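The next block is start_10.cif, given as mmCIF, C-alpha atoms and all ligand atoms.
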```cif
data_input
loop_
_atom_site.label_atom_id
_atom_site.label_comp_id
_atom_site.auth_asym_id
_atom_site.auth_seq_id
_atom_site.Cartn_x
_atom_site.Cartn_y
_atom_site.Cartn_z
CA MET A 36 -21.00 7.89 -16.27
CA ASP A 37 -22.32 8.39 -12.72
CA LYS A 38 -19.96 9.76 -10.14
CA ALA A 39 -18.57 7.20 -7.72
CA LYS A 40 -19.41 7.78 -4.06
CA VAL A 41 -16.52 8.20 -1.66
CA PHE A 42 -17.48 8.41 2.02
CA TYR A 43 -15.11 10.45 4.14
CA ALA A 44 -14.62 11.20 7.83
CA ASN A 45 -11.99 13.70 8.88
CA ALA A 46 -9.52 12.99 11.64
CA ARG A 47 -10.33 15.91 13.94
CA ALA A 48 -11.85 15.20 17.32
CA THR A 49 -13.70 18.41 18.15
CA THR A 50 -15.44 17.06 21.25
CA TRP A 51 -14.04 14.75 23.91
CA GLU A 52 -16.54 11.97 23.35
CA TYR A 53 -16.07 8.54 21.80
CA ASP A 54 -18.47 9.35 18.94
CA TYR A 55 -16.03 12.00 17.75
CA SER A 56 -13.04 9.66 17.71
CA VAL A 57 -11.61 8.23 14.51
CA PRO A 58 -12.43 4.61 15.50
CA ALA A 59 -16.08 5.67 16.04
CA LYS A 60 -16.09 7.48 12.71
CA LEU A 61 -14.75 4.35 11.02
CA GLU A 62 -17.67 2.39 12.50
CA GLU A 63 -20.04 4.95 11.01
CA LEU A 64 -18.30 4.86 7.62
CA LEU A 65 -18.59 1.07 7.53
CA GLN A 66 -22.30 1.34 8.33
CA ARG A 67 -22.79 3.90 5.57
CA ALA A 68 -20.96 1.67 3.10
CA ASP A 69 -23.34 -1.22 4.09
CA LEU A 70 -21.08 -4.28 4.00
CA SER A 71 -24.05 -6.60 3.39
CA ARG A 72 -24.04 -5.30 -0.20
CA TYR A 73 -20.58 -6.84 -0.72
CA ILE A 74 -20.45 -9.87 1.58
CA GLN A 75 -22.73 -12.88 1.83
CA PRO A 76 -23.14 -14.89 5.07
CA ASP A 77 -20.38 -17.50 5.61
CA GLU A 78 -18.26 -16.00 2.86
CA TYR A 79 -14.46 -15.79 3.39
CA VAL A 80 -13.33 -12.15 3.26
CA ALA A 81 -9.69 -11.17 2.73
CA ILE A 82 -8.73 -8.02 4.66
CA LYS A 83 -5.74 -6.96 2.57
CA MET A 84 -3.21 -4.74 4.27
CA HIS A 85 0.50 -4.07 4.80
CA LEU A 86 1.93 -5.18 8.13
CA GLY A 87 4.90 -2.81 8.22
CA SER A 88 8.54 -3.55 8.95
CA PRO A 89 10.61 -3.62 12.15
CA GLY A 90 11.14 0.17 11.96
CA ALA A 91 8.18 1.32 9.82
CA TYR A 92 5.48 1.48 12.48
CA ARG A 93 3.17 4.04 10.83
CA THR A 94 0.77 1.49 9.38
CA VAL A 95 -3.00 0.98 9.76
CA ARG A 96 -3.39 0.56 13.52
CA PRO A 97 -4.81 -2.71 14.89
CA VAL A 98 -7.76 -0.85 16.47
CA PHE A 99 -8.97 0.04 12.95
CA VAL A 100 -8.40 -3.47 11.61
CA ARG A 101 -10.52 -4.76 14.52
CA LYS A 102 -13.37 -2.40 13.57
CA VAL A 103 -13.36 -3.73 10.01
CA VAL A 104 -13.15 -7.36 11.17
CA ASP A 105 -16.09 -6.81 13.55
CA ALA A 106 -18.13 -5.17 10.77
CA VAL A 107 -17.46 -8.13 8.44
CA LYS A 108 -18.50 -10.58 11.15
CA ALA A 109 -21.64 -8.54 11.84
CA VAL A 110 -22.92 -9.28 8.33
CA GLY A 111 -21.96 -12.97 8.62
CA GLY A 112 -18.64 -12.86 6.74
CA MET A 113 -15.53 -14.82 7.78
CA PRO A 114 -12.59 -12.41 7.72
CA PHE A 115 -8.87 -13.14 7.58
CA VAL A 116 -6.10 -10.54 7.48
CA ALA A 117 -3.97 -11.15 4.40
CA GLU A 118 -0.58 -9.84 3.32
CA THR A 119 2.07 -11.24 1.02
CA THR A 120 5.68 -11.96 1.96
CA ARG A 121 8.01 -8.96 1.84
CA ILE A 122 10.63 -10.59 3.96
CA PRO A 123 10.46 -14.38 4.42
CA GLY A 124 7.03 -15.41 5.73
CA LEU A 125 7.78 -16.59 9.27
CA GLU A 126 9.95 -13.54 9.97
CA TYR A 127 7.20 -11.30 8.57
CA LEU A 128 4.60 -12.83 10.89
CA GLU A 129 6.95 -12.04 13.80
CA VAL A 130 7.20 -8.44 12.58
CA ALA A 131 3.39 -8.32 12.33
CA ALA A 132 3.05 -9.51 15.93
CA ALA A 133 5.61 -6.93 17.12
CA ASN A 134 3.64 -4.22 15.29
CA GLY A 135 0.50 -5.29 17.17
CA TYR A 136 -1.22 -7.48 14.56
CA SER A 137 -2.38 -10.80 15.98
CA HIS A 138 -5.57 -12.87 16.06
CA LEU A 139 -6.14 -11.50 19.56
CA THR A 140 -5.88 -7.81 18.57
CA CYS A 141 -7.42 -7.96 15.11
CA GLY A 142 -10.08 -10.60 15.85
CA ALA A 143 -9.12 -12.67 12.80
CA PRO A 144 -6.18 -14.85 11.71
CA ILE A 145 -3.21 -13.17 10.03
CA ILE A 146 -1.95 -15.10 7.02
CA MET A 147 0.64 -14.85 4.27
CA ALA A 148 -1.57 -14.90 1.18
CA ASP A 149 1.28 -16.20 -1.00
CA GLY A 150 2.37 -18.79 1.58
CA ILE A 151 5.28 -18.53 3.99
CA PHE A 152 7.71 -19.05 1.10
CA GLY A 153 6.03 -16.48 -1.16
CA ARG A 154 5.48 -18.99 -3.94
CA ASP A 155 1.80 -19.84 -3.60
CA THR A 156 0.50 -17.94 -6.59
CA ILE A 157 -1.93 -18.50 -9.44
CA PRO A 158 -1.04 -17.16 -12.90
CA VAL A 159 -3.58 -14.60 -14.12
CA LYS A 160 -3.58 -13.21 -17.65
CA ILE A 161 -3.87 -9.46 -18.21
CA ASP A 162 -5.96 -8.54 -21.25
CA ASN A 163 -4.21 -5.95 -23.41
CA GLY A 164 -1.35 -5.66 -20.90
CA LYS A 165 1.34 -3.43 -22.35
CA LEU A 166 3.97 -4.42 -19.78
CA ILE A 167 2.62 -7.57 -18.19
CA GLN A 168 0.74 -10.32 -19.94
CA GLU A 169 0.48 -12.63 -16.94
CA ILE A 170 1.24 -12.30 -13.22
CA GLY A 171 1.18 -14.56 -10.16
CA VAL A 172 -1.71 -13.48 -7.89
CA ALA A 173 -1.39 -14.64 -4.26
CA SER A 174 -3.51 -17.78 -3.95
CA ALA A 175 -5.48 -16.76 -0.84
CA ILE A 176 -6.48 -13.52 -2.55
CA TYR A 177 -7.22 -15.33 -5.81
CA ASP A 178 -9.55 -17.75 -4.01
CA ALA A 179 -11.23 -15.25 -1.67
CA PRO A 180 -14.77 -14.42 -2.83
CA ALA A 181 -14.71 -10.94 -1.24
CA MET A 182 -12.07 -8.47 -0.10
CA ILE A 183 -11.71 -5.28 1.91
CA VAL A 184 -8.55 -3.38 1.03
CA LEU A 185 -7.11 -1.40 3.95
CA SER A 186 -4.45 0.98 2.68
CA HIS A 187 -2.13 3.22 4.62
CA CYS A 188 -1.69 6.19 2.27
CA LYS A 189 1.85 7.53 2.11
CA GLY A 190 4.56 8.46 -0.35
CA HIS A 191 6.75 6.11 -2.34
CA ILE A 192 10.05 6.83 -4.01
CA GLU A 193 9.16 5.18 -7.34
CA PRO A 194 5.51 6.04 -8.20
CA GLY A 195 5.44 9.05 -5.83
CA TYR A 196 2.47 7.73 -3.82
CA GLY A 197 1.37 4.41 -2.37
CA GLY A 198 -2.31 3.78 -1.61
CA ALA A 199 -4.92 1.21 -2.65
CA ILE A 200 -3.50 0.61 -6.14
CA LYS A 201 -0.04 -0.05 -4.80
CA ASN A 202 -1.43 -2.18 -1.96
CA LEU A 203 -2.95 -4.56 -4.52
CA ALA A 204 -0.41 -4.23 -7.32
CA MET A 205 2.54 -5.15 -5.15
CA GLY A 206 0.83 -6.78 -2.18
CA GLY A 207 -1.73 -8.84 -4.09
CA VAL A 208 0.89 -10.75 -6.04
CA GLY A 209 3.59 -13.18 -4.96
CA ALA A 210 7.13 -12.18 -4.15
CA ARG A 211 8.36 -15.19 -6.09
CA THR A 212 6.67 -17.71 -8.31
CA ARG A 213 7.01 -21.40 -8.95
CA CYS A 214 6.85 -21.02 -12.71
CA ASN A 215 8.04 -18.31 -15.02
CA HIS A 216 5.11 -15.93 -14.73
CA VAL A 217 5.80 -12.40 -13.62
CA ASN A 218 6.05 -11.63 -9.89
CA ARG A 219 6.26 -8.53 -7.71
CA GLY A 220 9.96 -8.01 -8.30
CA ASN A 221 9.38 -7.83 -12.03
CA LEU A 222 7.23 -4.75 -11.43
CA HIS A 223 10.20 -2.98 -9.88
CA SER A 224 12.36 -4.11 -12.74
CA THR A 225 10.63 -4.71 -16.04
CA ALA A 226 14.02 -5.73 -17.38
CA HIS A 227 13.72 -8.65 -14.88
CA HIS A 228 17.14 -7.72 -13.59
CA PRO A 229 18.66 -6.98 -10.14
CA PRO A 230 19.77 -3.39 -9.49
CA LEU A 231 22.59 -1.91 -11.53
CA TRP A 232 25.68 -0.79 -9.59
CA THR A 233 28.06 2.06 -10.45
CA LYS A 234 31.42 1.48 -8.78
CA GLU A 235 32.58 5.11 -9.12
CA LYS A 236 29.63 6.31 -6.98
CA CYS A 237 29.92 3.63 -4.30
CA THR A 238 31.29 4.71 -0.91
CA TRP A 239 31.26 1.15 0.48
CA CYS A 240 28.89 2.23 3.29
CA ALA A 241 27.28 -1.26 3.28
CA HIS A 242 23.78 0.15 3.85
CA CYS A 243 22.46 -1.85 0.89
CA GLU A 244 23.88 -5.08 2.26
CA LYS A 245 22.15 -4.49 5.62
CA VAL A 246 18.67 -3.80 4.22
CA CYS A 247 18.50 -6.60 1.65
CA PRO A 248 15.72 -8.84 3.03
CA VAL A 249 17.07 -11.99 1.40
CA GLY A 250 20.83 -11.55 1.87
CA ALA A 251 21.49 -11.31 -1.86
CA ILE A 252 24.27 -8.70 -1.62
CA THR A 253 27.92 -9.38 -0.84
CA LEU A 254 30.19 -6.40 -0.51
CA LYS A 255 33.92 -6.82 -0.93
CA GLN A 256 35.09 -3.52 0.54
CA GLY A 257 36.83 -1.38 -2.07
CA GLU A 258 36.69 -4.15 -4.65
CA ALA A 259 33.29 -5.43 -5.72
CA TRP A 260 29.54 -5.32 -5.17
CA ILE A 261 28.12 -8.74 -5.88
CA VAL A 262 24.43 -9.58 -6.16
CA ASP A 263 23.11 -13.13 -6.27
CA ALA A 264 20.57 -12.91 -9.10
CA GLU A 265 18.93 -16.17 -8.00
CA LYS A 266 18.23 -14.83 -4.52
CA CYS A 267 17.37 -11.24 -5.52
CA ASP A 268 13.59 -10.52 -5.42
CA GLN A 269 14.15 -7.22 -7.27
CA CYS A 270 12.38 -5.42 -4.43
CA GLY A 271 14.40 -2.25 -4.99
CA ARG A 272 15.05 -1.63 -1.30
CA CYS A 273 18.83 -1.44 -1.71
CA ALA A 274 18.53 1.15 -4.48
CA ARG A 275 16.18 3.26 -2.34
CA VAL A 276 18.52 3.40 0.66
CA CYS A 277 21.64 4.14 -1.40
CA ILE A 278 21.85 7.91 -0.97
CA PHE A 279 24.95 8.04 -3.17
CA GLY A 280 23.09 7.01 -6.31
CA ALA A 281 25.30 3.96 -6.86
CA LEU A 282 22.34 1.61 -7.29
CA GLU A 283 19.54 1.91 -9.79
CA MET A 284 16.56 -0.28 -10.61
CA PRO A 285 16.26 -0.62 -14.39
CA ILE A 286 12.79 0.96 -14.67
CA GLY A 287 11.35 4.47 -15.01
CA PRO A 288 8.51 5.80 -12.80
CA ASP A 289 6.03 5.89 -15.69
CA LEU A 290 6.64 2.21 -16.44
CA PHE A 291 6.42 1.38 -12.75
CA SER A 292 3.06 3.17 -12.48
CA ARG A 293 1.79 1.48 -15.63
CA GLY A 294 2.92 -1.89 -14.27
CA MET A 295 1.11 -1.18 -10.98
CA ALA A 296 -2.15 -0.46 -12.81
CA GLU A 297 -1.85 -3.64 -14.89
CA SER A 298 -1.00 -5.77 -11.86
CA THR A 299 -3.99 -4.29 -9.99
CA GLN A 300 -6.18 -5.17 -12.97
CA ALA A 301 -5.03 -8.79 -12.66
CA VAL A 302 -5.80 -8.94 -8.93
CA LEU A 303 -9.24 -7.33 -9.35
CA SER A 304 -10.10 -9.69 -12.21
CA THR A 305 -10.13 -12.59 -9.73
CA PHE A 306 -13.22 -11.15 -7.98
CA ALA A 307 -16.80 -11.00 -9.19
CA PRO A 308 -18.14 -7.45 -9.65
CA GLY A 309 -19.29 -5.77 -6.44
CA LYS A 310 -17.18 -7.85 -4.07
CA ILE A 311 -14.45 -5.36 -3.07
CA LEU A 312 -14.50 -2.37 -0.76
CA TYR A 313 -11.57 0.03 -0.29
CA VAL A 314 -10.68 1.86 2.93
CA ASN A 315 -7.93 4.48 2.64
CA PHE A 316 -6.32 5.72 5.85
CA VAL A 317 -4.90 9.17 5.12
CA MET A 318 -3.08 9.34 8.39
CA GLU A 319 0.57 9.42 9.40
CA VAL A 320 1.33 10.22 5.76
CA GLN A 321 5.05 9.69 5.70
CA PRO A 322 7.12 10.06 2.52
CA GLU A 323 8.10 6.43 1.90
CA CYS A 324 6.79 2.88 1.69
CA ASP A 325 5.94 0.81 4.78
CA CYS A 326 8.49 -1.81 3.59
CA MET A 327 11.37 0.50 4.37
CA PRO A 328 13.55 -0.01 7.46
CA THR A 329 12.08 3.10 9.14
CA ALA A 330 9.24 5.64 8.94
CA ASP A 331 9.81 9.38 8.69
CA THR A 332 7.63 12.10 10.25
CA PRO A 333 4.31 12.88 8.50
CA LEU A 334 4.28 15.33 5.58
CA VAL A 335 0.81 16.71 6.47
CA GLN A 336 -1.64 16.45 9.36
CA ASP A 337 -3.86 13.38 9.53
CA GLN A 338 -6.70 13.91 7.06
CA GLY A 339 -9.00 11.02 7.97
CA ILE A 340 -10.50 7.89 6.41
CA LEU A 341 -12.19 7.32 3.04
CA ILE A 342 -14.35 4.38 1.90
CA SER A 343 -15.50 3.54 -1.60
CA ASP A 344 -16.07 0.56 -3.86
CA ASP A 345 -14.26 2.35 -6.70
CA ILE A 346 -10.46 2.11 -6.54
CA VAL A 347 -9.84 4.96 -8.97
CA ALA A 348 -12.28 7.29 -7.22
CA ILE A 349 -10.85 6.67 -3.75
CA GLU A 350 -7.28 7.20 -4.97
CA ALA A 351 -8.22 10.41 -6.77
CA ALA A 352 -10.08 11.69 -3.69
CA THR A 353 -7.11 10.80 -1.44
CA LEU A 354 -4.64 12.67 -3.64
CA ASP A 355 -7.00 15.67 -3.84
CA LEU A 356 -7.22 15.79 -0.03
CA LEU A 357 -3.45 15.60 0.27
CA ASP A 358 -2.96 18.33 -2.30
CA GLN A 359 -5.21 20.65 -0.26
CA ALA A 360 -3.31 20.02 2.98
CA ALA A 361 -0.57 22.31 4.28
CA PRO A 362 2.84 20.60 4.43
CA LEU A 363 4.25 20.22 7.95
CA PRO A 364 7.50 21.62 9.30
CA GLN A 365 10.11 19.14 10.57
CA SER A 366 9.29 16.77 7.72
CA LYS A 367 10.78 15.82 4.37
CA ALA A 368 8.45 18.46 2.88
CA GLU A 369 10.37 21.16 4.76
CA ASP A 370 13.69 19.60 3.67
CA LYS A 371 12.52 19.93 0.07
CA GLY A 372 11.32 23.52 0.54
CA VAL A 373 7.67 22.48 0.11
CA THR A 374 5.79 24.82 2.43
CA THR A 375 2.54 25.48 0.56
CA ALA A 376 -0.33 23.17 -0.36
CA GLY A 377 -0.50 21.55 -3.80
CA ASP A 378 1.17 18.71 -5.69
CA LEU A 379 2.54 17.27 -2.44
CA PHE A 380 4.11 14.04 -3.68
CA LEU A 381 5.09 15.48 -7.04
CA ARG A 382 7.19 18.07 -5.22
CA VAL A 383 8.42 15.96 -2.30
CA ASN A 384 9.13 12.69 -4.11
CA GLU A 385 9.60 14.24 -7.57
CA GLN A 386 7.32 11.64 -9.18
CA ASP A 387 3.80 12.14 -10.51
CA PRO A 388 1.54 10.26 -8.04
CA ARG A 389 -1.46 10.45 -10.38
CA LEU A 390 0.10 8.41 -13.19
CA ALA A 391 -1.00 5.04 -11.77
CA VAL A 392 -4.50 6.42 -11.11
CA THR A 393 -4.74 7.67 -14.70
CA TYR A 394 -3.54 4.32 -16.08
CA ALA A 395 -6.00 2.46 -13.82
CA GLU A 396 -8.84 4.58 -15.17
CA GLU A 397 -7.68 3.95 -18.74
CA LEU A 398 -7.80 0.22 -18.01
CA GLY A 399 -11.43 0.60 -16.88
CA LEU A 400 -10.81 -0.12 -13.20
CA GLY A 401 -12.95 2.81 -12.06
CA THR A 402 -13.66 6.50 -12.51
CA SER A 403 -11.89 9.58 -11.22
CA ALA A 404 -15.26 11.41 -11.20
CA TYR A 405 -16.33 11.10 -7.59
CA GLU A 406 -18.74 12.60 -5.10
CA LEU A 407 -17.21 13.10 -1.65
CA VAL A 408 -19.80 12.41 1.06
CA GLU A 409 -18.43 13.71 4.34
CA ILE A 410 -19.70 12.28 7.62
CA ARG A 411 -19.99 15.31 9.84
CA LYS A 412 -20.44 15.32 13.55
CA LYS A 413 -22.31 18.30 14.93
CA ARG A 414 -20.10 20.27 17.25
CA ARG A 415 -21.62 20.40 20.73
CA SER A 416 -22.52 23.85 22.01
CA LYS A 417 -20.74 24.95 25.17
S1 LIG A 501 24.47 1.65 -0.27
FE1 LIG A 501 25.30 2.44 -2.20
S2 LIG A 501 27.18 3.48 -1.60
FE2 LIG A 501 26.63 2.13 0.09
S3 LIG A 501 27.73 0.20 -0.32
FE3 LIG A 501 25.70 0.01 -1.21
S4 LIG A 501 25.97 0.64 -3.35
FE4 LIG A 501 27.75 1.37 -2.22
S1 LIG A 502 16.64 -5.52 -5.07
FE1 LIG A 502 18.36 -5.22 -3.68
S2 LIG A 502 17.44 -5.33 -1.62
FE2 LIG A 502 15.96 -6.23 -3.03
S3 LIG A 502 16.41 -8.43 -3.02
FE3 LIG A 502 17.58 -7.56 -4.75
S4 LIG A 502 19.56 -7.09 -3.91
FE4 LIG A 502 18.20 -7.41 -2.15
#
```
For this file, write the structure as structure tokens.
Ligand code: SF4
Ligand code: SF4
Amino acid sequence: MDKAKVFYANARATTWEYDYSVPAKLEELLQRADLSRYIQPDEYVAIKMHLGSPGAYRTVRPVFVRKVVDAVKAVGGMPFVAETTRIPGLEYLEVAAANGYSHLTCGAPIIMADGIFGRDTIPVKIDNGKLIQEIGVASAIYDAPAMIVLSHCKGHIEPGYGGAIKNLAMGGVGARTRCNHVNRGNLHSTAHHPPLWTKEKCTWCAHCEKVCPVGAITLKQGEAWIVDAEKCDQCGRCARVCIFGALEMPIGPDLFSRGMAESTQAVLSTFAPGKILYVNFVMEVQPECDCMPTADTPLVQDQGILISDDIVAIEAATLDLLDQAAPLPQSKAEDKGVTTAGDLFLRVNEQDPRLAVTYAEELGLGTSAYELVEIRKKRRSK
């Protein structure tokens, strides 16, 4: 099998000129990728990304979204920025606006791909799915003929790493569904069950109650922790903020990673071959998901931007870059005693970040054999 091409521009600005800036390098990467190979004139193009949360501001900056939107328009495409509901849709659009994402800044409308209630999904079957046989893909992504996937690469407590695969696996499917097909929450909990609570470990700090995006938790101080199973989206946020280990999602990281690969397969199956391009932003690489109530300091210096039409190749190249980077002081890496390069997320988040990439390759979604083509700017002589 031929190696997949991954174009890469590093984040350093070695000369104080626009051409050496990261936005300029993104323009060049988009030219090298040649969007006309993926997008036909007048075609709708979903720009899939995560819009952050009120405190998690380290997402893909609007200036980069605008560059991608402009590049899509330049080849005649009709872009729209698409995300699925994480918190209820109208509130999420307010968060997006506060984080700088609007039609004015991005140059394209911002929509909830699964509708403002998170129920606009189309059931898609997964051939040979071990965990998932059918899942509800967000309707606007299902119907889009082409897609550019903008992923902020960072850590994640469950699969270790969140990049393009996670962006589609969790963000390409609905939070809820009208019928009984599997939704995003069922990926966090293959037992299709809200988190499990251990009373003996609970300190009644109420942190879980505060972060639940749908108000499913009621805490009766010193007595009971009650979850409304009808309301609970099984997002796992409460379990992730409980530092006392009193809450647990009923799923292991290997199953979660396998589920992510299968869900990604479902989302990709709704596009014709050659209609998707991936852009990974390996910048502000913080240890946790952009859904969380806050963002921590970066684990490594900004590495740059990668572009490829192979999701496995770009994820493998991203993890290789991160594993070559020196961990930063004053970060979670330092807290964990990780001071040398190598196995960054495995050591910081104690989960194997390559599991989902391996499963995705097994499912035939791409190849981990890649050729990194670096866009280099010549340093000006003094
Ligand atoms: S966050 Fe954990 S310790 Fe705090 S109230 Fe919730 S379950 Fe109990
Ligand atoms: S998993 Fe926890 S935070 Fe998420 S919806 Fe259910 S109760 Fe709320």
With all atoms listed in the file as the counted atoms, please give the residues lying no more than 7 Å from Met318 (chain A), apart from itself and same-chain residues fewer than 3 positions off, as an MDAnalysis selection string. chainID A and resid 337:339
Using only C-alpha atoms and all ligand atoms, which residue out of A:Lys38, A:Lys189, A:His242, A:Arg93 lies closest to ligand LIG 501 (chain A)? A:His242
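If one restricts the calculation to all atoms listed in the file, the set of residues situated within 8 Å of ligand LIG 502 (chain A) consists of Gly220, Pro229, Pro230, Cys243, Glu244, Val246, Cys247, Pro248, Val249, Gly250, Ala251, Ile252, Val262, Asp263, Ala264, Lys266, Cys267, Asp268, Gln269, Cys270, Gly271, Arg272, Cys273, Ala274 and Met284 of chain A.
Of the listed residues (A:Lys160, A:Lys234, A:Arg47, A:Arg96), A:Lys234 comes nearest to ligand LIG 501 (chain A); the distances count all atoms listed in the file.
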Dump the neighbourhood of ligand LIG 501 (chain A) as an mmCIF file with C-alpha atoms, in the frame of the given file: all residues within 6 Å, distances computed on all atoms listed in the file.
```
data_model
loop_
_atom_site.group_PDB
_atom_site.id
_atom_site.type_symbol
_atom_site.label_atom_id
_atom_site.label_comp_id
_atom_site.auth_asym_id
_atom_site.auth_seq_id
_atom_site.Cartn_x
_atom_site.Cartn_y
_atom_site.Cartn_z
ATOM 1 C CA CYS A 237 29.920 3.630 -4.300
ATOM 2 C CA THR A 238 31.290 4.710 -0.910
ATOM 3 C CA TRP A 239 31.260 1.150 0.480
ATOM 4 C CA CYS A 240 28.890 2.230 3.290
ATOM 5 C CA ALA A 241 27.280 -1.260 3.280
ATOM 6 C CA HIS A 242 23.780 0.150 3.850
ATOM 7 C CA CYS A 243 22.460 -1.850 0.890
ATOM 8 C CA CYS A 277 21.640 4.140 -1.400
ATOM 9 C CA PHE A 279 24.950 8.040 -3.170
ATOM 10 C CA ALA A 281 25.300 3.960 -6.860
ATOM 11 C CA LEU A 282 22.340 1.610 -7.290
#
```
Between CA of Glu78 (chain A) and CA of Val314 (chain A), what distance in Å does the model show, to one decimal? 19.4 Å
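Between Arg72 (chain A) and the candidates A:Asp105, A:Glu193, A:Glu319, A:Asp344, the tightest atom-to-atom separation, counting all atoms listed in the file, involves A:Asp344.
From CA of Ala376 (chain A) back to CA of Gln359 (chain A), the distance works out to 5.5 Å.
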Region 400-414 of chain A: which residues within 10 Å, counting all atoms listed in the file, same-chain residues fewer than 3 positions away excluded, as a PyMOL selection string? chain A and resi 36-45+48-50+54-55+60-61+63-64+67+296-297+299-300+303-304+341-352+392-397+417
Serialized selection, C-alpha atoms, as a compact mmCIF listing (two decimals), in the frame of the given file:
```txt
# COMPACT_ATOMS: atom_id res chain seq x y z
CA MET A 36 -21.00 7.89 -16.27
CA ASP A 37 -22.32 8.39 -12.72
CA LYS A 38 -19.96 9.76 -10.14
CA ALA A 39 -18.57 7.20 -7.72
CA LYS A 40 -19.41 7.78 -4.06
CA VAL A 41 -16.52 8.20 -1.66
CA PHE A 42 -17.48 8.41 2.02
CA TYR A 43 -15.11 10.45 4.14
CA ALA A 44 -14.62 11.20 7.83
CA ASN A 45 -11.99 13.70 8.88
CA ALA A 48 -11.85 15.20 17.32
CA THR A 49 -13.70 18.41 18.15
CA THR A 50 -15.44 17.06 21.25
CA ASP A 54 -18.47 9.35 18.94
CA TYR A 55 -16.03 12.00 17.75
CA LYS A 60 -16.09 7.48 12.71
CA LEU A 61 -14.75 4.35 11.02
CA GLU A 63 -20.04 4.95 11.01
CA LEU A 64 -18.30 4.86 7.62
CA ARG A 67 -22.79 3.90 5.57
CA ALA A 296 -2.15 -0.46 -12.81
CA GLU A 297 -1.85 -3.64 -14.89
CA THR A 299 -3.99 -4.29 -9.99
CA GLN A 300 -6.18 -5.17 -12.97
CA LEU A 303 -9.24 -7.33 -9.35
CA SER A 304 -10.10 -9.69 -12.21
CA LEU A 341 -12.19 7.32 3.04
CA ILE A 342 -14.35 4.38 1.90
CA SER A 343 -15.50 3.54 -1.60
CA ASP A 344 -16.07 0.56 -3.86
CA ASP A 345 -14.26 2.35 -6.70
CA ILE A 346 -10.46 2.11 -6.54
CA VAL A 347 -9.84 4.96 -8.97
CA ALA A 348 -12.28 7.29 -7.22
CA ILE A 349 -10.85 6.67 -3.75
CA GLU A 350 -7.28 7.20 -4.97
CA ALA A 351 -8.22 10.41 -6.77
CA ALA A 352 -10.08 11.69 -3.69
CA VAL A 392 -4.50 6.42 -11.11
CA THR A 393 -4.74 7.67 -14.70
CA TYR A 394 -3.54 4.32 -16.08
CA ALA A 395 -6.00 2.46 -13.82
CA GLU A 396 -8.84 4.58 -15.17
CA GLU A 397 -7.68 3.95 -18.74
CA LYS A 417 -20.74 24.95 25.17
```
Return the single residue from A:Gly198, A:Val208, A:Ile192, A:Ala330 that is closest to Leu381 (chain A), with distances computed using all atoms listed in the file. A:Ile192
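Proximity of A:Tyr313, A:Phe152, A:Tyr53, A:Phe291 to Ile82 (chain A), computed with all atoms listed in the file, is greatest for A:Tyr313.
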Residues of region 238-348 of chain A at most 12 Å from region 173-181 of chain A: nearest atom pair and distance in Å, all atoms listed in the file, as a Markdown table:
```
| residue | atom | partner | partner_atom | distance |
| --- | --- | --- | --- | --- |
| A:Ser298 | CA | A:Ala173 | CA | 11.7 |
| A:Ala301 | CA | A:Tyr177 | CA | 9.7 |
| A:Val302 | CA | A:Tyr177 | CA | 7.3 |
| A:Leu303 | CA | A:Tyr177 | CA | 9.0 |
| A:Ser304 | CA | A:Tyr177 | CA | 9.0 |
| A:Thr305 | CA | A:Tyr177 | CA | 5.6 |
| A:Phe306 | CA | A:Pro180 | CA | 6.3 |
| A:Ala307 | CA | A:Pro180 | CA | 7.5 |
| A:Pro308 | CA | A:Ala181 | CA | 9.7 |
| A:Gly309 | CA | A:Ala181 | CA | 8.6 |
| A:Lys310 | CA | A:Ala181 | CA | 4.9 |
| A:Ile311 | CA | A:Ala181 | CA | 5.9 |
| A:Leu312 | CA | A:Ala181 | CA | 8.6 |
| A:Tyr313 | CA | A:Ala181 | CA | 11.5 |
| A:Asp344 | CA | A:Ala181 | CA | 11.9 |
```
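Of the residues listed (A:Ile340, A:Met84, A:Leu290, A:Ala133), A:Ile340 shows the shortest atom-to-atom separation from Val57 (chain A); distances use only C-alpha atoms.
One finds CA of Tyr92 (chain A) at 20.9 Å from CA of Pro362 (chain A).
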Exercise: Glu169 (chain A) partners within 9 Å, only C-alpha atoms, chain neighbours under 4 positions left out, as a VMD selection string: chain A and resid 158 to 162 164 216 to 217 298 301
Would you list the contacts of Gln75 (chain A) as a PyMOL selection string, taking every protein, DNA or RNA residue within 9 Å and counting only C-alpha atoms, but skipping same-chain residues closer than 5 positions in sequence? chain A and resi 110-112+181
Residues at most 12 Å from Val320 (chain A), counting only C-alpha atoms, excluding those fewer than 4 positions away in the same chain, as a PyMOL selection string? chain A and resi 91-95+186-191+196-198+315-316+324-325+330-339+353-354+356-357+360+362-363+366-368+379-380
If I put a ball of radius 8 Å at (6.9, -14.9, -1.7) in the file's coordinates, which residues poke into it when counting all atoms listed in the file, written as a PyMOL selection string? chain A and resi 119-121+123-124+149-155+209-212
